[in-house]
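Raw query.txt, compact mmCIF, C-alpha atoms:
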```txt
# COMPACT_ATOMS: atom_id res chain seq x y z
CA MET P 1 -3.24 -23.38 -62.55
CA ALA P 2 -5.36 -21.04 -60.51
CA SER P 3 -4.54 -21.49 -56.84
CA LYS P 4 -7.26 -19.65 -54.98
CA LYS P 5 -5.81 -19.21 -51.52
CA THR P 6 -7.28 -16.55 -49.36
CA PRO P 7 -4.57 -14.02 -48.62
CA GLU P 8 -3.47 -13.87 -44.99
CA ILE P 9 -4.85 -10.98 -43.00
CA ASN P 10 -2.23 -8.48 -42.08
CA ALA P 11 -1.91 -8.60 -38.29
CA THR P 12 0.56 -5.81 -37.85
CA SER P 13 -2.05 -3.43 -36.52
CA THR P 14 -3.32 -5.77 -33.79
CA ALA P 15 -0.59 -4.49 -31.52
CA ASP P 16 -1.70 -0.92 -32.10
CA ILE P 17 -5.32 -1.77 -31.37
CA ALA P 18 -4.33 -3.55 -28.17
CA PHE P 19 -2.19 -0.60 -27.15
CA LEU P 20 -5.13 1.72 -27.65
CA LEU P 21 -7.30 -0.46 -25.40
CA LEU P 22 -4.53 -0.64 -22.83
CA VAL P 23 -4.14 3.13 -22.71
CA PHE P 24 -7.91 3.54 -22.39
CA PHE P 25 -7.99 1.25 -19.37
CA LEU P 26 -4.97 2.88 -17.81
CA ALA P 27 -6.63 6.26 -18.07
CA THR P 28 -10.11 5.36 -16.84
CA THR P 29 -9.39 3.02 -13.96
CA THR P 30 -7.81 3.39 -10.57
CA MET P 31 -5.78 0.89 -8.71
CA ASN P 32 -6.22 2.07 -5.12
CA VAL P 33 -8.02 -0.25 -2.76
CA ASP P 34 -10.34 1.35 -0.26
CA SER P 35 -9.17 0.91 3.27
CA GLY P 36 -10.14 2.34 6.60
CA MET P 37 -11.56 1.65 10.01
CA PHE P 38 -14.90 -0.10 10.10
CA ARG P 39 -17.35 0.96 12.79
CA ARG P 40 -20.99 0.36 13.52
CA LEU P 41 -23.08 3.32 14.58
CA PRO P 42 -25.61 2.91 17.37
CA PRO P 43 -29.25 3.04 16.26
CA TYR P 44 -30.91 6.43 16.35
CA GLN P 45 -32.80 7.15 19.55
CA PRO P 46 -34.39 10.58 19.80
CA ASP P 47 -34.82 10.34 23.56
CA ILE P 48 -31.63 9.71 25.45
CA GLU P 49 -33.27 9.98 28.86
CA ASN P 50 -32.93 6.30 29.63
CA ALA P 51 -29.19 6.10 29.07
CA PRO P 52 -27.78 3.29 31.18
CA LYS P 53 -26.03 4.40 34.34
CA ILE P 54 -22.44 3.25 34.45
CA ALA P 55 -20.24 3.41 37.53
CA LYS P 56 -17.49 6.00 37.30
CA ARG P 57 -14.70 3.44 37.60
CA ASN P 58 -15.99 1.64 34.51
CA ILE P 59 -15.70 4.66 32.22
CA LEU P 60 -12.62 5.90 30.43
CA GLN P 61 -13.62 9.38 29.46
CA VAL P 62 -11.79 10.56 26.36
CA LEU P 63 -12.41 14.17 25.37
CA VAL P 64 -10.96 15.96 22.37
CA ASN P 65 -11.54 19.70 22.30
CA ARG P 66 -11.52 22.22 19.47
CA ASN P 67 -7.81 22.85 19.86
CA ASP P 68 -7.11 19.15 19.36
CA LEU P 69 -6.14 18.74 22.98
CA LEU P 70 -6.85 15.34 24.44
CA SER P 71 -8.00 14.67 27.97
CA VAL P 72 -8.35 11.21 29.48
CA ASN P 73 -10.40 11.07 32.69
CA GLY P 74 -9.83 14.79 33.14
CA GLU P 75 -6.10 14.62 32.64
CA LEU P 76 -4.38 16.32 29.72
CA THR P 77 -2.70 13.54 27.72
CA ASP P 78 -0.61 13.17 24.61
CA VAL P 79 -2.10 10.99 21.85
CA ASN P 80 0.90 8.68 22.02
CA ASN P 81 0.09 7.81 25.66
CA LEU P 82 -3.55 7.05 24.96
CA LYS P 83 -2.88 3.46 23.89
CA ALA P 84 -1.00 2.57 27.07
CA LYS P 85 -3.69 4.16 29.24
CA THR P 86 -6.44 2.30 27.40
CA ILE P 87 -4.63 -1.02 27.73
CA GLU P 88 -4.21 -0.48 31.47
CA PHE P 89 -7.89 0.45 31.69
CA LEU P 90 -8.99 -2.67 29.82
CA LEU P 91 -6.78 -5.14 31.64
CA ASN P 92 -6.76 -3.73 35.19
CA PRO P 93 -3.99 -6.20 36.07
CA ASN P 94 -3.86 -5.43 39.81
CA ASN P 95 -7.65 -5.28 40.27
CA ASN P 96 -7.33 -1.65 41.22
CA GLY P 97 -10.45 -0.12 42.76
CA ASP P 98 -10.31 2.88 40.41
CA LEU P 99 -10.16 0.78 37.25
CA PRO P 100 -13.07 -1.17 35.77
CA ALA P 101 -14.73 -4.08 37.53
CA LYS P 102 -14.76 -7.51 35.94
CA GLU P 103 -17.52 -10.06 35.72
CA ILE P 104 -17.30 -13.78 35.16
CA LYS P 105 -18.83 -14.83 31.86
CA GLN P 106 -19.22 -18.16 30.15
CA ILE P 107 -17.75 -18.02 26.64
CA ASP P 108 -17.54 -20.88 24.14
CA LEU P 109 -14.04 -22.35 23.78
CA LEU P 110 -12.84 -20.35 26.77
CA GLY P 111 -15.07 -21.41 29.64
CA ASN P 112 -15.49 -19.00 32.53
CA VAL P 113 -13.37 -15.91 32.02
CA GLU P 114 -13.22 -12.45 33.49
CA VAL P 115 -14.69 -9.85 31.16
CA SER P 116 -13.98 -6.21 31.86
CA LYS P 117 -17.03 -3.97 32.31
CA GLY P 118 -15.04 -0.96 31.10
CA VAL P 119 -16.47 1.36 28.46
CA VAL P 120 -14.46 3.94 26.56
CA SER P 121 -16.51 7.10 26.17
CA LEU P 122 -15.30 9.26 23.31
CA GLN P 123 -16.47 12.80 22.87
CA SER P 124 -15.31 15.27 20.28
CA ASP P 125 -16.09 18.90 19.65
CA LYS P 126 -17.45 20.43 16.44
CA GLY P 127 -14.10 22.15 16.00
CA THR P 128 -11.95 19.04 16.48
CA SER P 129 -9.95 18.29 13.36
CA TYR P 130 -10.76 15.03 11.59
CA ASN P 131 -7.08 14.18 11.57
CA MET P 132 -7.00 14.24 15.38
CA TYR P 133 -10.26 12.31 15.65
CA ILE P 134 -8.92 9.51 13.45
CA ALA P 135 -5.64 9.50 15.40
CA VAL P 136 -7.60 8.99 18.64
CA GLN P 137 -9.82 6.29 17.11
CA ASP P 138 -6.68 4.64 15.77
CA GLN P 139 -4.96 4.61 19.16
CA LEU P 140 -8.07 3.19 20.85
CA ALA P 141 -8.38 0.49 18.19
CA ALA P 142 -4.67 -0.27 18.59
CA ALA P 143 -5.17 -0.74 22.33
CA PHE P 144 -8.09 -3.13 21.83
CA ASN P 145 -6.21 -5.07 19.17
CA GLU P 146 -3.13 -5.37 21.35
CA VAL P 147 -5.15 -6.68 24.30
CA ARG P 148 -6.84 -9.19 21.98
CA ASP P 149 -3.44 -10.26 20.70
CA GLN P 150 -2.23 -10.75 24.27
CA LYS P 151 -5.25 -12.84 25.19
CA ALA P 152 -5.00 -14.90 22.01
CA LEU P 153 -1.30 -15.52 22.64
CA SER P 154 -1.92 -16.59 26.22
CA LYS P 155 -4.69 -18.97 25.20
CA TRP P 156 -3.59 -20.42 21.86
CA GLY P 157 -0.08 -19.07 21.39
CA LYS P 158 -1.15 -17.35 18.20
CA LYS P 159 -1.95 -13.78 17.28
CA TYR P 160 -5.57 -12.75 17.00
CA ALA P 161 -5.43 -12.28 13.24
CA THR P 162 -4.23 -15.87 12.66
CA LEU P 163 -6.99 -17.51 14.71
CA ASN P 164 -9.91 -19.19 13.01
CA GLN P 165 -13.37 -17.68 12.95
CA GLU P 166 -14.73 -19.32 16.11
CA GLU P 167 -11.63 -18.49 18.13
CA GLN P 168 -11.79 -14.90 16.92
CA ASP P 169 -15.42 -14.71 18.00
CA ALA P 170 -14.47 -16.02 21.43
CA VAL P 171 -11.70 -13.44 21.85
CA ARG P 172 -14.04 -10.73 20.64
CA ALA P 173 -16.56 -11.74 23.32
CA TRP P 174 -13.75 -11.76 25.87
CA ILE P 175 -12.52 -8.27 24.90
CA PRO P 176 -15.53 -6.53 23.38
CA MET P 177 -14.81 -3.31 21.49
CA THR P 178 -16.71 -1.01 23.80
CA ILE P 179 -16.18 2.46 22.38
CA SER P 180 -19.19 4.61 22.99
CA GLU P 181 -19.52 7.95 21.29
CA ALA P 182 -21.41 10.62 23.15
CA GLU P 183 -24.51 12.11 21.54
CA PRO P 184 -23.61 15.43 19.94
CA LYS P 185 -24.68 18.34 22.03
CA SER P 186 -26.71 20.95 20.21
CA VAL P 187 -25.50 23.91 22.22
CA LYS P 188 -22.03 24.19 23.55
CA MET O 189 31.85 -31.07 -50.48
CA ALA O 190 30.71 -28.21 -48.37
CA LYS O 191 30.70 -24.86 -49.91
CA PHE O 192 31.42 -21.77 -47.96
CA LYS O 193 29.50 -19.03 -49.53
CA LYS O 194 30.56 -15.57 -48.81
CA ASP O 195 28.38 -12.99 -50.29
CA GLY O 196 29.04 -9.44 -49.33
CA LYS O 197 25.72 -8.36 -47.77
CA ARG O 198 25.19 -9.53 -44.22
CA THR O 199 21.75 -8.32 -43.23
CA VAL O 200 20.50 -8.85 -39.71
CA PRO O 201 17.10 -10.56 -39.89
CA ALA O 202 14.22 -8.34 -38.74
CA VAL O 203 12.96 -9.03 -35.23
CA SER O 204 9.64 -10.76 -35.43
CA THR O 205 6.89 -8.67 -33.95
CA ALA O 206 4.28 -11.35 -34.26
CA SER O 207 4.13 -11.85 -30.46
CA LEU O 208 3.85 -8.15 -29.67
CA PRO O 209 0.02 -8.15 -29.71
CA ASP O 210 0.00 -11.08 -27.30
CA ILE O 211 2.26 -9.27 -24.89
CA VAL O 212 0.16 -6.14 -25.01
CA PHE O 213 -3.03 -8.13 -24.55
CA MET O 214 -1.51 -9.76 -21.49
CA LEU O 215 -0.81 -6.32 -20.03
CA LEU O 216 -4.32 -5.23 -20.94
CA PHE O 217 -5.93 -8.12 -19.14
CA PHE O 218 -3.75 -7.56 -16.11
CA PHE O 219 -4.94 -3.96 -15.84
CA MET O 220 -8.55 -4.88 -16.51
CA VAL O 221 -8.54 -7.37 -13.67
CA SER O 222 -6.55 -5.46 -11.08
CA THR O 223 -8.10 -2.02 -11.39
CA THR O 224 -11.54 -0.57 -10.90
CA MET O 225 -13.41 2.05 -12.86
CA ARG O 226 -13.08 5.58 -11.59
CA GLU O 227 -16.58 6.27 -10.40
CA VAL O 228 -16.79 9.99 -9.72
CA THR O 229 -14.91 13.15 -10.53
CA MET O 230 -13.71 14.70 -7.34
CA MET O 231 -15.11 18.12 -6.58
CA VAL O 232 -13.68 18.39 -3.08
CA ASN O 233 -10.18 18.09 -1.68
CA ASN O 234 -9.77 14.58 -0.49
CA GLN O 235 -6.60 13.78 1.34
CA LEU O 236 -7.39 10.88 3.64
CA PRO O 237 -5.94 10.77 7.16
CA LEU O 238 -3.31 8.23 8.13
CA ALA O 239 -3.91 5.40 10.58
CA THR O 240 -2.28 2.16 11.63
CA GLN O 241 -5.24 -0.07 12.51
CA ILE O 242 -6.91 -0.23 9.12
CA ALA O 243 -8.47 -3.02 7.15
CA LYS O 244 -9.30 -3.37 3.49
CA LEU O 245 -12.90 -2.87 2.52
CA GLU O 246 -14.37 -6.08 1.24
CA LYS O 247 -17.10 -6.33 -1.40
CA LYS O 248 -16.83 -3.22 -3.53
CA SER O 249 -20.38 -3.61 -4.74
CA LEU O 250 -21.72 -3.06 -1.22
CA VAL O 251 -19.91 0.21 -0.61
CA SER O 252 -21.38 3.64 -1.15
CA ASN O 253 -18.95 6.51 -1.02
CA ILE O 254 -19.54 9.81 0.73
CA TYR O 255 -16.88 12.47 0.23
CA ILE O 256 -16.33 15.43 2.52
CA GLY O 257 -13.79 18.19 2.10
CA LEU O 258 -13.16 21.73 1.01
CA PRO O 259 -14.46 22.41 -2.52
CA LEU O 260 -11.72 22.52 -5.13
CA ALA O 261 -10.48 25.96 -6.14
CA THR O 262 -12.65 26.06 -9.27
CA TYR O 263 -15.84 25.51 -7.26
CA GLN O 264 -15.00 27.77 -4.34
CA ARG O 265 -16.59 30.87 -5.85
CA VAL O 266 -19.93 29.13 -6.11
CA TYR O 267 -19.87 26.71 -3.21
CA GLY O 268 -17.82 28.60 -0.65
CA THR O 269 -14.77 27.63 1.32
CA GLU O 270 -16.45 25.59 4.04
CA PRO O 271 -16.21 21.77 3.96
CA ARG O 272 -18.98 20.29 1.83
CA ILE O 273 -20.43 16.85 1.23
CA GLN O 274 -20.16 15.31 -2.22
CA LEU O 275 -22.47 12.51 -3.26
CA ASN O 276 -21.85 10.96 -6.67
CA ASP O 277 -21.08 13.96 -8.90
CA LYS O 278 -22.93 16.63 -6.98
CA PHE O 279 -22.50 18.76 -3.91
CA ALA O 280 -25.12 17.82 -1.34
CA ASN O 281 -26.64 19.10 1.85
CA LEU O 282 -27.35 17.11 4.98
CA GLN O 283 -31.03 16.83 4.00
CA ASP O 284 -30.03 14.92 0.85
CA ILE O 285 -28.41 12.08 2.80
CA GLY O 286 -31.67 10.25 3.48
CA ALA O 287 -32.64 10.22 -0.21
CA PHE O 288 -29.12 9.19 -1.20
CA ILE O 289 -29.14 6.22 1.19
CA ALA O 290 -32.58 5.20 -0.06
CA SER O 291 -31.45 5.30 -3.69
CA GLU O 292 -28.25 3.38 -2.89
CA ARG O 293 -30.34 0.71 -1.19
CA GLU O 294 -32.74 0.63 -4.11
CA ALA O 295 -29.86 -0.09 -6.48
CA ARG O 296 -28.79 -3.23 -4.58
CA LYS O 297 -30.35 -6.65 -4.36
CA GLU O 298 -32.92 -7.00 -1.66
CA GLU O 299 -30.97 -9.46 0.46
CA GLU O 300 -27.87 -7.27 0.39
CA ARG O 301 -29.48 -3.99 1.37
CA ASN O 302 -28.74 -4.31 5.05
CA SER O 303 -25.05 -4.96 4.58
CA LEU O 304 -24.40 -1.75 2.71
CA THR O 305 -21.35 0.07 4.07
CA ASN O 306 -20.95 3.84 3.89
CA ASN O 307 -17.37 4.71 3.15
CA LEU O 308 -16.72 8.13 4.63
CA LYS O 309 -13.88 9.63 2.68
CA VAL O 310 -13.20 12.71 4.71
CA ASP O 311 -10.40 15.11 4.04
CA ARG O 312 -7.96 15.25 6.93
CA PHE O 313 -8.24 19.02 7.27
CA THR O 314 -12.00 19.14 7.88
CA THR O 315 -13.44 19.62 11.33
CA MET O 316 -15.64 17.10 13.12
CA GLY O 317 -18.81 19.24 13.03
CA ILE O 318 -19.90 18.19 9.56
CA VAL O 319 -18.83 14.58 10.17
CA THR O 320 -20.87 14.35 13.37
CA ASP O 321 -23.90 15.84 11.59
CA LEU O 322 -23.47 13.32 8.78
CA LYS O 323 -23.28 10.45 11.24
CA GLN O 324 -26.50 11.63 12.87
CA GLU O 325 -28.18 11.69 9.44
CA LEU O 326 -26.92 8.17 8.72
CA ARG O 327 -28.32 6.99 12.05
CA LYS O 328 -31.68 8.57 11.20
CA ALA O 329 -31.61 6.78 7.84
CA ASN O 330 -30.75 3.59 9.76
CA SER O 331 -27.63 2.98 7.70
CA LEU O 332 -25.29 2.11 10.51
CA ARG O 333 -22.30 0.41 8.90
CA ILE O 334 -19.62 2.99 8.27
CA ASN O 335 -15.97 2.98 7.37
CA TYR O 336 -13.68 5.87 8.22
CA GLY O 337 -11.53 6.03 5.09
CA ALA O 338 -7.87 6.14 6.03
CA LYS O 339 -4.52 5.25 4.53
CA GLN O 340 -1.81 3.09 6.04
CA LYS O 341 0.69 5.02 8.12
CA ASN O 342 4.26 4.06 7.17
```
Can you present the structure in this file as structure tokens?
Amino acid sequence: MASKKTPEINATSTADIAFLLLVFFLATTTMNVDSGMFRRLPPYQPDIENAPKIAKRNILQVLVNRNDLLSVNGELTDVNNLKAKTIEFLLNPNNNGDLPAKEIKQIDLLGNVEVSKGVVSLQSDKGTSYNMYIAVQDQLAAAFNEVRDQKALSKWGKKYATLNQEEQDAVRAWIPMTISEAEPKSVK
Amino acid sequence: MAKFKKDGKRTVPAVSTASLPDIVFMLLFFFMVSTTMREVTMMVNNQLPLATQIAKLEKKSLVSNIYIGLPLATYQRVYGTEPRIQLNDKFANLQDIGAFIASEREARKEEERNSLTNNLKVDRFTTMGIVTDLKQELRKANSLRINYGAKQKN
């Protein structure tokens, strides 16, 4: 009686093969997710003659020099105080004459609201360290995000991040991220 | 009647390894899905700054990376000790940015070309001079979406 069964394939080495593949993928891939601060650059304009004139009260002038010293409206400031100053500048709670003016705007979902005309003007030197520059950008972004959170809480009782798309758009129109970076100066 | 056999040798049965390949394959698939291919070999120091207000970059396929930092020790004799720009696997000058942006755009689908984001991975110990120059070049190339690469603080 000739039973012609095909012999079973030895599967012992499958584990080894899979291990090889696994090690290959471990070695050639990275797990880190890119993260950072998204910004949009202004379009390139060779002539900056027709820069819009902005009243002095509407500008928060942030300067960072080559020694990583920070000045806000001409006053030497620590980075940790920048957020508080920016929030005060954006909100102008007491309608102070030195802080930005507000204009009434019609925004979807919100109706007529007061929108600050304030612009943060950021200028850095060639010698400023990138670390400091990011710290300043971070503090400014933190200020804007906190004000947006406040507004979202007062309107919907939720934080900005948990709002839906339309509500986020409305808050963004209410508190626009107005950080303007000065054109680099060729000689300084 | 039941018999109680008692033969002297009591061998422990071998552990079956039949499921070992399955387990390893599971691990393999996990790593294949959750990781990305390493795209370039770093030629510059690249220690990203720390920040609190960061967001994850969406859509990996629409990101082009630009690295800036001091050349690594092995390249310093040739490329100097000033911060340099690295594009793909080469050191680049500011004049190369325009061509790089054009080629990155060329590699994407036509409808996606305008939503290309430049991920600036700048070493925290560089100075702003080279970054500002790079930003000017990007503006000239009309590639305005940028991301300042940073890591989460705490």
Query raised in the report: Can you tell me, as a list in words, what residues are no more than 6 Å from stretch 30-42 of chain P when counting only C-alpha atoms, ignoring any on the same chain fewer than 3 positions away?
Result: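 So, after excluding close chain neighbours, the residues are Thr223, Thr224, Arg226, Ile242, Ala243, Lys244, Leu245, Leu332, Arg333, Ile334, Asn335, Tyr336, Gly337 and Ala338 of chain O.
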**Report entry** Interface, chain P side, toward chain O (10 Å; all atoms listed in the file) as a ChimeraX atom specification
**Finding:** /P:11-46,66,124-143,145,183-184
Query raised in the report: Counting all atoms listed in the file, what is within 8 Å of stretch 51-61 of chain P, bar same-chain residues fewer than 4 positions away, as a ChimeraX atom specification?
Result: /P:71-74,86,89,97-101,117-123
File dump, residues just selected, C-alpha atoms, as a short mmCIF file (atom, residue, chain, number, x, y, z; two decimals), in the frame of the given file:
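Saved to selection.cif:
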```cif
data_model
loop_
_atom_site.label_atom_id
_atom_site.label_comp_id
_atom_site.auth_asym_id
_atom_site.auth_seq_id
_atom_site.Cartn_x
_atom_site.Cartn_y
_atom_site.Cartn_z
CA SER P 71 -8.00 14.67 27.97
CA VAL P 72 -8.35 11.21 29.48
CA ASN P 73 -10.40 11.07 32.69
CA GLY P 74 -9.83 14.79 33.14
CA THR P 86 -6.44 2.30 27.40
CA PHE P 89 -7.89 0.45 31.69
CA GLY P 97 -10.45 -0.12 42.76
CA ASP P 98 -10.31 2.88 40.41
CA LEU P 99 -10.16 0.78 37.25
CA PRO P 100 -13.07 -1.17 35.77
CA ALA P 101 -14.73 -4.08 37.53
CA LYS P 117 -17.03 -3.97 32.31
CA GLY P 118 -15.04 -0.96 31.10
CA VAL P 119 -16.47 1.36 28.46
CA VAL P 120 -14.46 3.94 26.56
CA SER P 121 -16.51 7.10 26.17
CA LEU P 122 -15.30 9.26 23.31
CA GLN P 123 -16.47 12.80 22.87
#
```
Grab all the atoms of stretch 248-263 of chain O that the file lists, wrap them in a box along x, y and z, add 5 Å per side, and give me centre plus edge lengths in Å (one decimal) as JSON.
```
{"center_x": -16.1, "center_y": 11.2, "center_z": -3.4, "size_x": 21.2, "size_y": 39.7, "size_z": 21.8}
```
Query - Atomic distance atom CA of O:Ser291 - atom CA of O:Asn234, expressed in Å with one decimal - result: 23.8 Å
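Here atom CA of O:Phe288 and atom CA of P:Ser180 stand 26.5 Å from one another.
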